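Participant: Take a look at target.tsv, TSV, C-alpha atoms and all ligand atoms:
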chain	number	residue	atom	x	y	z
A	32	MET	CA	-76.53	25.87	-34.74
A	33	ALA	CA	-76.73	27.28	-31.21
A	34	ASN	CA	-79.31	30.03	-30.69
A	35	ARG	CA	-77.26	33.26	-30.85
A	36	SER	CA	-79.53	34.87	-28.27
A	37	HIS	CA	-77.91	32.56	-25.68
A	38	ARG	CA	-74.72	34.56	-26.09
A	39	ASN	CA	-76.55	37.89	-25.72
A	40	ARG	CA	-75.31	39.81	-22.64
A	41	GLY	CA	-78.85	40.94	-21.70
A	42	HIS	CA	-80.22	37.39	-21.81
A	43	ILE	CA	-77.30	36.02	-19.78
A	44	GLY	CA	-77.85	38.75	-17.16
A	45	MET	CA	-81.59	38.08	-16.92
A	46	ASN	CA	-81.02	34.33	-16.58
A	47	ALA	CA	-78.48	34.89	-13.80
A	48	LEU	CA	-80.95	37.13	-11.92
A	49	ARG	CA	-83.74	34.55	-12.33
A	50	LYS	CA	-81.54	31.74	-11.01
A	51	ALA	CA	-80.61	33.90	-8.01
A	52	GLY	CA	-84.34	34.48	-7.33
A	53	ARG	CA	-84.01	38.21	-8.10
A	54	SER	CA	-85.58	40.40	-10.77
A	55	HIS	CA	-84.41	43.18	-13.06
A	56	GLN	CA	-84.52	46.67	-11.53
A	57	SER	CA	-87.06	47.79	-14.15
A	58	LEU	CA	-89.51	45.44	-12.45
A	59	HIS	CA	-89.22	46.53	-8.84
A	60	ALA	CA	-88.36	50.22	-8.82
A	61	ILE	CA	-92.01	51.31	-8.83
A	62	ALA	CA	-94.22	51.33	-5.77
A	63	PRO	CA	-97.77	50.73	-7.06
A	64	ARG	CA	-100.21	53.46	-6.10
A	65	THR	CA	-103.81	54.30	-6.76
A	66	LEU	CA	-104.68	57.67	-8.15
A	67	GLU	CA	-107.94	59.40	-7.19
A	68	THR	CA	-108.13	61.86	-10.08
A	69	SER	CA	-105.89	62.16	-13.11
A	70	VAL	CA	-105.16	65.57	-14.64
A	71	HIS	CA	-104.94	66.32	-18.37
A	72	THR	CA	-104.28	69.27	-20.57
A	73	VAL	CA	-104.73	69.51	-24.34
A	74	PHE	CA	-103.84	72.71	-26.18
A	75	SER	CA	-102.01	74.20	-29.12
A	76	ALA	CA	-98.26	74.86	-28.76
A	77	ASP	CA	-95.00	74.34	-30.61
A	78	CYS	CA	-93.13	71.23	-29.44
A	79	LEU	CA	-90.06	73.16	-28.28
A	80	GLU	CA	-92.13	75.73	-26.41
A	81	ILE	CA	-93.81	73.03	-24.36
A	82	LEU	CA	-90.65	70.99	-23.75
A	83	ARG	CA	-88.64	74.02	-22.59
A	84	ALA	CA	-91.38	74.91	-20.11
A	85	LEU	CA	-91.27	71.49	-18.39
A	86	PRO	CA	-89.06	70.69	-15.37
A	87	ASP	CA	-86.17	68.19	-15.58
A	88	ALA	CA	-87.10	64.53	-15.00
A	89	SER	CA	-90.83	65.20	-14.70
A	90	ILE	CA	-92.14	62.83	-17.40
A	91	GLN	CA	-92.44	59.03	-17.35
A	92	LEU	CA	-93.46	58.39	-20.96
A	93	ILE	CA	-93.19	60.40	-24.17
A	94	VAL	CA	-95.35	59.22	-27.05
A	95	CYS	CA	-93.73	60.73	-30.10
A	96	ASP	CA	-95.26	60.56	-33.58
A	97	PRO	CA	-93.34	63.27	-35.41
A	98	PRO	CA	-93.72	64.84	-38.83
A	99	TYR	CA	-91.17	63.34	-41.28
A	100	ASN	CA	-90.87	66.03	-43.92
A	101	ILE	CA	-92.71	63.94	-46.45
A	102	GLN	CA	-95.17	66.68	-47.30
A	103	MET	CA	-98.20	64.74	-46.10
A	104	ALA	CA	-99.56	68.06	-44.87
A	105	ASP	CA	-98.48	71.68	-44.48
A	106	TRP	CA	-97.00	70.89	-41.01
A	107	ASP	CA	-94.68	68.39	-42.61
A	108	ALA	CA	-91.93	70.54	-44.15
A	109	HIS	CA	-88.58	71.52	-42.56
A	110	ALA	CA	-85.49	73.02	-44.22
A	111	ASP	CA	-83.11	71.52	-41.58
A	112	TYR	CA	-85.13	68.54	-40.35
A	113	LEU	CA	-82.36	66.84	-38.38
A	114	GLY	CA	-81.17	70.05	-36.71
A	115	TRP	CA	-84.74	70.72	-35.59
A	116	ALA	CA	-85.24	67.10	-34.46
A	117	ALA	CA	-81.98	67.16	-32.46
A	118	ASP	CA	-83.35	70.14	-30.50
A	119	TRP	CA	-86.56	68.39	-29.43
A	120	LEU	CA	-84.84	65.04	-28.84
A	121	THR	CA	-82.34	66.70	-26.48
A	122	GLU	CA	-85.14	68.42	-24.59
A	123	ALA	CA	-87.15	65.18	-24.51
A	124	ARG	CA	-84.21	63.46	-22.81
A	125	ARG	CA	-83.96	66.22	-20.22
A	126	VAL	CA	-87.64	66.03	-19.20
A	127	LEU	CA	-87.67	62.21	-18.90
A	128	SER	CA	-87.32	60.75	-15.41
A	129	ASP	CA	-84.68	58.08	-14.76
A	130	THR	CA	-87.34	55.39	-15.21
A	131	GLY	CA	-88.65	57.17	-18.29
A	132	ASN	CA	-89.36	55.83	-21.77
A	133	LEU	CA	-89.79	57.40	-25.19
A	134	VAL	CA	-91.46	55.75	-28.16
A	135	ILE	CA	-91.06	57.09	-31.69
A	136	PHE	CA	-93.45	56.09	-34.47
A	137	GLY	CA	-92.52	56.03	-38.11
A	138	GLY	CA	-92.12	54.01	-41.26
A	139	LEU	CA	-89.05	53.02	-43.22
A	140	GLN	CA	-90.85	53.13	-46.56
A	141	PHE	CA	-90.52	56.91	-46.88
A	142	GLN	CA	-86.71	56.98	-46.68
A	143	GLY	CA	-85.13	59.44	-49.07
A	144	GLU	CA	-88.46	60.50	-50.50
A	145	ALA	CA	-88.22	64.15	-49.65
A	146	GLY	CA	-84.64	64.62	-48.55
A	147	SER	CA	-84.02	65.47	-44.96
A	148	GLY	CA	-86.29	63.53	-42.63
A	149	ASP	CA	-87.14	59.91	-41.93
A	150	LEU	CA	-87.29	57.48	-39.06
A	151	LEU	CA	-83.82	56.02	-39.72
A	152	SER	CA	-82.12	59.41	-39.65
A	153	LEU	CA	-83.90	60.24	-36.38
A	154	VAL	CA	-82.82	56.97	-34.78
A	155	SER	CA	-79.22	57.49	-35.99
A	156	GLU	CA	-79.28	60.95	-34.43
A	157	VAL	CA	-80.38	59.52	-31.07
A	158	ARG	CA	-77.52	56.97	-31.22
A	159	ARG	CA	-74.88	59.41	-32.54
A	160	ARG	CA	-75.60	61.80	-29.68
A	161	ARG	CA	-75.97	58.92	-27.17
A	162	LEU	CA	-79.23	60.46	-26.00
A	163	LEU	CA	-81.21	57.33	-25.13
A	164	ASN	CA	-80.85	53.55	-25.08
A	165	LEU	CA	-82.75	51.42	-27.56
A	166	VAL	CA	-84.81	48.76	-25.75
A	167	ASN	CA	-87.02	47.31	-28.51
A	168	LEU	CA	-88.03	47.85	-32.06
A	169	ILE	CA	-91.75	47.10	-32.23
A	170	ILE	CA	-93.21	46.14	-35.58
A	171	TRP	CA	-96.81	47.27	-35.76
A	172	ALA	CA	-98.22	45.00	-38.49
A	173	TYR	CA	-101.64	45.63	-39.96
A	174	PRO	CA	-103.76	43.77	-42.51
A	175	ASN	CA	-105.13	46.91	-44.20
A	176	GLY	CA	-103.30	49.47	-46.34
A	177	MET	CA	-102.62	50.86	-49.82
A	178	SER	CA	-102.09	48.57	-52.79
A	179	ALA	CA	-98.78	48.66	-54.74
A	180	HIS	CA	-97.54	47.42	-58.11
A	181	ARG	CA	-93.84	48.34	-58.21
A	182	PHE	CA	-92.99	46.94	-54.75
A	183	PHE	CA	-94.53	44.78	-51.99
A	184	ALA	CA	-97.46	46.63	-50.45
A	185	ASN	CA	-96.45	48.02	-47.06
A	186	ARG	CA	-98.21	46.45	-44.07
A	187	HIS	CA	-96.18	47.58	-41.09
A	188	GLU	CA	-94.98	50.62	-39.23
A	189	GLU	CA	-92.14	50.80	-36.72
A	190	ILE	CA	-92.19	51.95	-33.11
A	191	PHE	CA	-88.73	52.45	-31.58
A	192	TRP	CA	-88.80	52.18	-27.80
A	193	PHE	CA	-85.96	54.05	-26.08
A	194	ALA	CA	-85.22	54.36	-22.36
A	195	LYS	CA	-83.30	57.11	-20.59
A	196	THR	CA	-81.42	54.73	-18.26
A	197	ASP	CA	-81.30	51.02	-17.48
A	198	LYS	CA	-83.76	51.68	-14.62
A	199	TYR	CA	-86.54	52.05	-17.21
A	200	TYR	CA	-90.06	51.07	-16.12
A	201	PHE	CA	-91.75	48.16	-17.90
A	202	ASP	CA	-94.90	46.36	-16.76
A	203	LEU	CA	-95.14	43.28	-18.96
A	204	ASP	CA	-97.97	41.75	-16.91
A	205	SER	CA	-100.27	44.65	-17.78
A	206	VAL	CA	-100.16	43.76	-21.48
A	207	ARG	CA	-99.86	39.96	-21.54
A	208	GLU	CA	-102.23	38.13	-23.88
A	209	PRO	CA	-104.33	35.32	-22.41
A	210	PHE	CA	-103.81	31.87	-23.93
A	211	ASP	CA	-106.87	30.39	-25.63
A	212	GLU	CA	-108.64	27.79	-23.44
A	213	LYS	CA	-107.22	24.75	-25.26
A	214	THR	CA	-103.62	26.01	-25.08
A	215	ARG	CA	-104.06	27.10	-21.46
A	216	LYS	CA	-105.28	23.65	-20.39
A	217	ALA	CA	-102.46	21.93	-22.30
A	218	TYR	CA	-99.80	24.24	-20.81
A	219	LEU	CA	-101.17	23.77	-17.28
A	220	LYS	CA	-100.57	20.02	-17.66
A	221	ASP	CA	-96.99	20.59	-18.86
A	222	LYS	CA	-94.72	20.08	-15.82
A	223	ARG	CA	-91.94	22.17	-17.40
A	224	LEU	CA	-94.11	25.31	-17.28
A	225	ARG	CA	-95.05	27.28	-14.17
A	226	ALA	CA	-98.83	27.41	-13.68
A	227	GLU	CA	-98.60	31.00	-12.45
A	228	SER	CA	-96.90	32.11	-15.69
A	229	VAL	CA	-99.41	30.24	-17.83
A	230	GLU	CA	-102.31	31.99	-16.03
A	231	LYS	CA	-100.68	35.36	-16.63
A	232	GLY	CA	-100.70	34.83	-20.39
A	233	ARG	CA	-98.08	35.29	-23.08
A	234	ASN	CA	-95.68	38.10	-23.84
A	235	PRO	CA	-97.27	39.95	-26.79
A	236	THR	CA	-93.79	40.06	-28.43
A	237	ASN	CA	-92.43	42.94	-30.46
A	238	VAL	CA	-94.70	42.20	-33.43
A	239	TRP	CA	-98.12	43.75	-32.82
A	240	ARG	CA	-100.96	42.75	-35.12
A	241	ILE	CA	-103.43	45.58	-34.73
A	242	PRO	CA	-105.44	47.01	-37.67
A	243	ARG	CA	-104.87	50.62	-38.76
A	244	LEU	CA	-107.87	52.92	-38.58
A	245	ASN	CA	-109.92	52.74	-41.76
A	246	GLY	CA	-111.41	55.97	-43.09
A	247	ASN	CA	-114.78	55.07	-41.57
A	248	ALA	CA	-113.49	53.64	-38.25
A	249	LYS	CA	-115.72	54.62	-35.32
A	250	GLU	CA	-112.81	56.03	-33.30
A	251	ARG	CA	-111.71	58.39	-36.11
A	252	VAL	CA	-111.92	62.04	-35.09
A	253	GLY	CA	-110.61	63.64	-38.29
A	254	HIS	CA	-106.81	63.76	-37.96
A	255	PRO	CA	-105.17	62.32	-41.13
A	256	THR	CA	-102.58	60.16	-39.29
A	257	GLN	CA	-104.50	59.25	-36.13
A	258	LYS	CA	-103.14	56.16	-34.34
A	259	PRO	CA	-105.46	53.44	-32.97
A	260	ILE	CA	-106.37	53.52	-29.28
A	261	ALA	CA	-105.31	49.85	-29.00
A	262	VAL	CA	-101.69	50.66	-29.97
A	263	ILE	CA	-101.41	53.67	-27.65
A	264	GLU	CA	-103.05	51.71	-24.82
A	265	ARG	CA	-100.44	48.97	-24.96
A	266	LEU	CA	-97.64	51.55	-24.78
A	267	VAL	CA	-99.16	53.62	-21.98
A	268	ALA	CA	-100.11	50.55	-19.90
A	269	SER	CA	-96.66	48.94	-20.08
A	270	LEU	CA	-94.28	51.93	-20.12
A	271	SER	CA	-95.89	54.23	-17.56
A	272	TYR	CA	-97.58	53.66	-14.22
A	273	GLU	CA	-100.67	55.00	-12.49
A	274	GLY	CA	-100.16	58.60	-11.42
A	275	SER	CA	-97.13	59.20	-13.66
A	276	VAL	CA	-97.10	61.81	-16.42
A	277	VAL	CA	-97.40	60.97	-20.13
A	278	LEU	CA	-96.41	63.62	-22.68
A	279	ASP	CA	-97.26	63.85	-26.40
A	280	PHE	CA	-95.94	67.06	-28.01
A	281	PHE	CA	-96.94	66.01	-31.57
A	282	ALA	CA	-100.36	65.03	-30.29
A	283	GLY	CA	-102.39	65.25	-33.53
A	284	SER	CA	-105.78	64.00	-32.34
A	285	ALA	CA	-104.66	63.82	-28.65
A	286	VAL	CA	-105.41	60.09	-28.57
A	287	THR	CA	-102.64	59.83	-25.94
A	288	SER	CA	-104.67	61.91	-23.47
A	289	ARG	CA	-107.80	59.89	-24.26
A	290	VAL	CA	-105.89	56.72	-23.31
A	291	ALA	CA	-104.13	58.27	-20.31
A	292	ALA	CA	-107.50	59.35	-18.88
A	293	ALA	CA	-108.77	55.77	-19.16
A	294	LEU	CA	-105.65	54.34	-17.49
A	295	ALA	CA	-105.33	56.90	-14.66
A	296	ARG	CA	-102.09	58.51	-15.83
A	297	HIS	CA	-101.74	62.31	-15.98
A	298	SER	CA	-101.17	63.66	-19.47
A	299	ILE	CA	-100.08	66.63	-21.57
A	300	SER	CA	-101.04	66.59	-25.26
A	301	THR	CA	-100.02	69.55	-27.39
A	302	ASP	CA	-99.82	70.18	-31.11
A	303	ARG	CA	-98.97	73.17	-33.27
A	304	ASP	CA	-102.38	72.81	-34.90
A	305	PRO	CA	-105.18	74.31	-32.74
A	306	SER	CA	-107.57	71.61	-34.07
A	307	VAL	CA	-106.08	69.30	-31.39
A	308	VAL	CA	-108.65	70.69	-28.93
A	309	GLU	CA	-111.59	69.88	-31.21
A	310	TYR	CA	-110.19	66.41	-32.01
A	311	PHE	CA	-109.87	65.66	-28.31
A	312	ALA	CA	-113.48	66.80	-27.70
A	313	ARG	CA	-114.56	64.26	-30.38
A	314	HIS	CA	-112.56	61.51	-28.64
A	315	MET	CA	-114.46	62.30	-25.46
A	316	ALA	CA	-117.78	62.27	-27.32
A	317	ASN	CA	-116.90	58.89	-28.92
A	318	TRP	CA	-116.00	57.25	-25.63
A	319	PRO	CA	-118.55	54.39	-25.22
A	320	ASP	CA	-120.80	54.66	-22.18
A	321	ALA	CA	-119.92	51.18	-20.89
A	322	ASP	CA	-116.24	52.14	-20.81
A	323	ARG	CA	-116.93	55.59	-19.35
A	324	SER	CA	-118.56	54.12	-16.27
A	325	ARG	CA	-115.33	52.18	-15.56
A	326	ARG	CA	-112.96	55.07	-16.09
A	327	ALA	CA	-111.14	56.67	-13.19
A	328	PRO	CA	-112.27	60.26	-12.58
A	329	PHE	CA	-110.19	62.89	-14.37
A	330	ARG	CA	-110.17	66.63	-14.80
A	331	MET	CA	-108.95	68.96	-17.51
A	332	LEU	CA	-106.69	72.00	-17.15
A	333	GLU	CA	-106.84	75.02	-19.48
A	334	LYS	CA	-103.64	76.24	-21.16
A	335	ALA	CA	-103.57	79.21	-18.73
A	336	GLU	CA	-103.42	76.74	-15.80
A	337	PHE	CA	-100.60	74.68	-17.29
A	338	ARG	CA	-98.25	75.38	-14.38
A	339	ASN	CA	-100.73	73.65	-12.05
A	340	HIS	CA	-100.23	70.35	-13.90
A	341	PRO	CA	-98.80	67.48	-11.76
A	342	ALA	CA	-95.68	67.57	-14.03
A	343	PHE	CA	-94.72	70.71	-12.07
A	344	SER	CA	-95.24	69.15	-8.63
A	345	GLU	CA	-92.14	68.53	-6.56
A	346	ASN	CA	-92.34	64.75	-6.75
A	347	ALA	CA	-93.22	64.46	-10.46
A	348	GLY	CA	-91.14	61.66	-11.95
A	349	ARG	CA	-89.80	60.68	-8.54
A	350	ALA	CA	-92.67	58.58	-7.20
A	351	ALA	CA	-91.10	55.66	-9.00
A	352	ALA	CA	-88.03	55.55	-6.82
A	353	GLU	CA	-89.91	55.83	-3.49
B	401	LIG	C1	-98.03	62.28	-37.29
B	401	LIG	S1	-99.01	63.50	-36.59
B	401	LIG	C2	-99.42	62.89	-34.98
B	401	LIG	C3	-100.67	62.05	-34.96
B	401	LIG	C4	-101.05	61.54	-33.57
B	401	LIG	N1	-100.10	60.60	-33.06
B	401	LIG	C5	-102.41	60.88	-33.52
B	401	LIG	O1	-102.49	59.66	-33.32
B	401	LIG	O2	-103.41	61.56	-33.67
B	401	LIG	C6	-97.82	64.74	-36.29
B	401	LIG	C7	-98.37	66.03	-35.68
B	401	LIG	O3	-97.25	66.89	-35.41
B	401	LIG	C8	-97.73	68.23	-35.44
B	401	LIG	N2	-96.59	69.14	-35.55
B	401	LIG	C9	-95.79	69.37	-36.63
B	401	LIG	N3	-94.82	70.25	-36.32
B	401	LIG	C10	-95.00	70.58	-35.02
B	401	LIG	C11	-94.31	71.43	-34.12
B	401	LIG	N4	-93.25	72.13	-34.48
B	401	LIG	N5	-94.76	71.51	-32.83
B	401	LIG	C12	-95.85	70.81	-32.44
B	401	LIG	N6	-96.56	70.00	-33.25
B	401	LIG	C13	-96.14	69.87	-34.53
B	401	LIG	C14	-98.70	68.24	-36.62
B	401	LIG	O4	-99.63	69.29	-36.50
B	401	LIG	C15	-99.32	66.83	-36.56
B	401	LIG	O5	-100.60	66.86	-35.96
Reformat the file's structure so that it appears as structure tokens.
Ligand SMILES: C[S@@+](CC[C@H](N)C(=O)[O-])C[C@H]1O[C@@H](n2cnc3c(N)ncnc32)[C@H](O)[C@@H]1O

Facilitator:
Amino acid sequence: MANRSHRNRGHIGMNALRKAGRSHQSLHAIAPRTLETSVHTVFSADCLEILRALPDASIQLIVCDPPYNIQMADWDAHADYLGWAADWLTEARRVLSDTGNLVIFGGLQFQGEAGSGDLLSLVSEVRRRRLLNLVNLIIWAYPNGMSAHRFFANRHEEIFWFAKTDKYYFDLDSVREPFDEKTRKAYLKDKRLRAESVEKGRNPTNVWRIPRLNGNAKERVGHPTQKPIAVIERLVASLSYEGSVVLDFFAGSAVTSRVAAALARHSISTDRDPSVVEYFARHMANWPDADRSRRAPFRMLEKAEFRNHPAFSENAGRAAAE
């Protein structure tokens, strides 16, 4: 049977562009630039308070790992979960630039457990309101997790990647995986493959095999649902560019700012729980010396200086189009 993806409109369009020697607009809208110092702020705030304070189109990437009303903690309970989520999703759309991306973390295994909130209902809300376009569903698969006896033990979590427009930014080259030496040599001999593409490495695909953080993982800073640096790094590297602004308004441990600082993006990480500041300080303390010496310089802003953040500068979110 013919591969159905050959009849997919997106694939046909990409093939036509390739044959014409052109590339998709998501690949050439961004002028690369080098940032001298990135700016970060980490403080306690309600998600809507922070979103409403931000200018239109000022943010390149939103990393969103929301509470799902599954009573994992006292922050995880909402009487009208979807009504509340619709408010922050609408604001999230407003603050995204035209090249902007939003990723939402979640699992499908909790559906229906506590009534009003789960990843599927959030995604349906985004589609029903036509807020954002779905680009990819990433399956984050991990080898470690809880055991189960009444169903198959869960070993994956979902990351929905949405874009505001079809001009979304995506840097695949920044996250390609190198081929092992044997495969590389074999592919370089294969006349059907372009040597340049082989050297760049493979597309990591939308199935990411990255372990979850164990209780005793070195990078743990104390937040109960802290995400691994490796997962956040892949998102920040590919969906934002140097000097753009990354926002995480359910920041938890503020791992997003830890990663943004390493990759020379500006960042804003806020959470209703004031412990976010202490968690971030532990991330900084955990940062290995060898990595620190490579990091681009960055500086922190206090909550009182929030309006001095690059997100408020006139060209925030617009550098991409220049
Ligand atoms: C799933 S955790 C995020 C974990 C984070 N991604 C990490 O890797 O550390 C969700 C966070 O949302 C925060 N939260 C819940 N309701 C909030 C609200 N209304 N405004 C801001 N933060 C909120 C909680 O305090 C919690 O830390």

Participant: Using all atoms listed in the file, which residue out of A:Ala293, A:Ala282, A:Leu120, A:Ala342 lies closest to ligand LIG 401 (chain B)?

Facilitator: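 Selected residue with least distance to ligand LIG 401 (chain B): A:Ala282.
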
Participant: Counting all atoms listed in the file, what are the residues of chain A within 6 Å of ligand LIG 401 (chain B), and for each of them which pair of atoms is the nearest and at what distance in Å, to one decimal? Sort the table by chain and rising number, as JSON lines.

Facilitator:
{"residue": "A:Ala76", "atom": "CA", "partner": "B:LIG401", "partner_atom": "C12", "distance": 6.0}
{"residue": "A:Asp77", "atom": "CA", "partner": "B:LIG401", "partner_atom": "N5", "distance": 3.6}
{"residue": "A:Cys78", "atom": "CA", "partner": "B:LIG401", "partner_atom": "N5", "distance": 3.8}
{"residue": "A:Asp96", "atom": "CA", "partner": "B:LIG401", "partner_atom": "N1", "distance": 4.9}
{"residue": "A:Pro97", "atom": "CA", "partner": "B:LIG401", "partner_atom": "C6", "distance": 4.8}
{"residue": "A:Pro98", "atom": "CA", "partner": "B:LIG401", "partner_atom": "C6", "distance": 4.8}
{"residue": "A:Trp106", "atom": "CA", "partner": "B:LIG401", "partner_atom": "C9", "distance": 4.8}
{"residue": "A:His254", "atom": "CA", "partner": "B:LIG401", "partner_atom": "O2", "distance": 5.9}
{"residue": "A:Thr256", "atom": "CA", "partner": "B:LIG401", "partner_atom": "C3", "distance": 5.1}
{"residue": "A:Gln257", "atom": "CA", "partner": "B:LIG401", "partner_atom": "O1", "distance": 3.5}
{"residue": "A:Lys258", "atom": "CA", "partner": "B:LIG401", "partner_atom": "O1", "distance": 3.7}
{"residue": "A:Phe280", "atom": "CA", "partner": "B:LIG401", "partner_atom": "C12", "distance": 5.8}
{"residue": "A:Phe281", "atom": "CA", "partner": "B:LIG401", "partner_atom": "O3", "distance": 4.0}
{"residue": "A:Ala282", "atom": "CA", "partner": "B:LIG401", "partner_atom": "C4", "distance": 4.8}
{"residue": "A:Gly283", "atom": "CA", "partner": "B:LIG401", "partner_atom": "O5", "distance": 3.4}
{"residue": "A:Ser284", "atom": "CA", "partner": "B:LIG401", "partner_atom": "O2", "distance": 3.7}
{"residue": "A:Ala285", "atom": "CA", "partner": "B:LIG401", "partner_atom": "O2", "distance": 5.6}
{"residue": "A:Val286", "atom": "CA", "partner": "B:LIG401", "partner_atom": "O1", "distance": 5.6}
{"residue": "A:Asp302", "atom": "CA", "partner": "B:LIG401", "partner_atom": "N6", "distance": 3.9}
{"residue": "A:Arg303", "atom": "CA", "partner": "B:LIG401", "partner_atom": "N6", "distance": 4.0}
{"residue": "A:Asp304", "atom": "CA", "partner": "B:LIG401", "partner_atom": "O4", "distance": 4.7}

Participant: When you count only C-alpha atoms, which of these residues is closest to Val238 (chain A): A:Met177, A:Val206, A:Ile170, A:Ala194?

Facilitator: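 Comparing A:Met177, A:Val206, A:Ile170, A:Ala194 against Val238 (chain A), the winner is A:Ile170.
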
Participant: What is the distance, in Å and to one decimal place, between CA of Leu139 (chain A) and CA of Leu113 (chain A)?

Facilitator: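 Here the two named atoms are 16.1 Å from each other.
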
Participant: Could you give me, as a list in words, the residues within 10 Å of Glu188 (chain A), counting all atoms listed in the file and dropping anything in the same chain fewer than 4 positions from it?

Facilitator: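 Here the qualifying residues turn out to be Phe136, Gly137, Gly138, Leu139, Gln140, Ile169, Ile170, Trp171, Ala172, Tyr173, Trp239 and Arg243 of chain A.
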
Participant: For Phe343 (chain A), which residue out of A:Lys198, A:Arg240, A:Arg186, A:His297 is the nearest one, using only C-alpha atoms?

Facilitator: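 Using only C-alpha atoms, Phe343 (chain A) sits closest to A:His297.
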
Participant: Using all atoms listed in the file, find all polymer residues with an atom at most 12 Å away from the point (-84.5, 58.3, -36.1); report them as a PyMOL selection string.

Facilitator: chain A and resi 95-99+112-113+116-117+120+134-139+142+147-160+162-163+165+168+189-193

Participant: Tell me, in Å to one decimal, how far CA of Val267 (chain A) is from CA of Asp204 (chain A).

Facilitator: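 Result for CA of Val267 (chain A) versus CA of Asp204 (chain A): 13.0 Å, one decimal.
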
Participant: Interatomic distance between CA of Gly348 (chain A) and CA of Ala88 (chain A)?

Facilitator: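 Between CA of Gly348 (chain A) and CA of Ala88 (chain A) the gap is 5.8 Å.
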
Participant: Calculated over all atoms listed in the file, which of the candidates A:Arg161, A:Arg207, A:Arg83, A:Ala226 has the smallest distance to Ala123 (chain A)?

Facilitator: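 Closest to Ala123 (chain A), using all atoms listed in the file: A:Arg83.
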
Participant: Rank nothing, just name the residue among A:Leu92, A:Ser75, A:Val252, A:Tyr200 nearest to Arg313 (chain A), using all atoms listed in the file.

Facilitator: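 Nearest candidate to Arg313 (chain A) out of A:Leu92, A:Ser75, A:Val252, A:Tyr200: A:Val252.
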
Participant: At a cut-off of 12 Å, using only C-alpha atoms, what residues contact Asn339 (chain A)? Leave out same-chain residues fewer than 5 positions from it and give the result as a VMD selection string.

Facilitator: chain A and resid 70 to 72 85 299 331 to 334 344 to 345 347

Participant: Would you please work out which residue, of A:Val307, A:Ala84, A:Leu133, A:Leu294, is nearest to Tyr272 (chain A) when using only C-alpha atoms?

Facilitator: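 Checking each of A:Val307, A:Ala84, A:Leu133, A:Leu294 against Tyr272 (chain A), counting only C-alpha atoms, the winner is A:Leu294.
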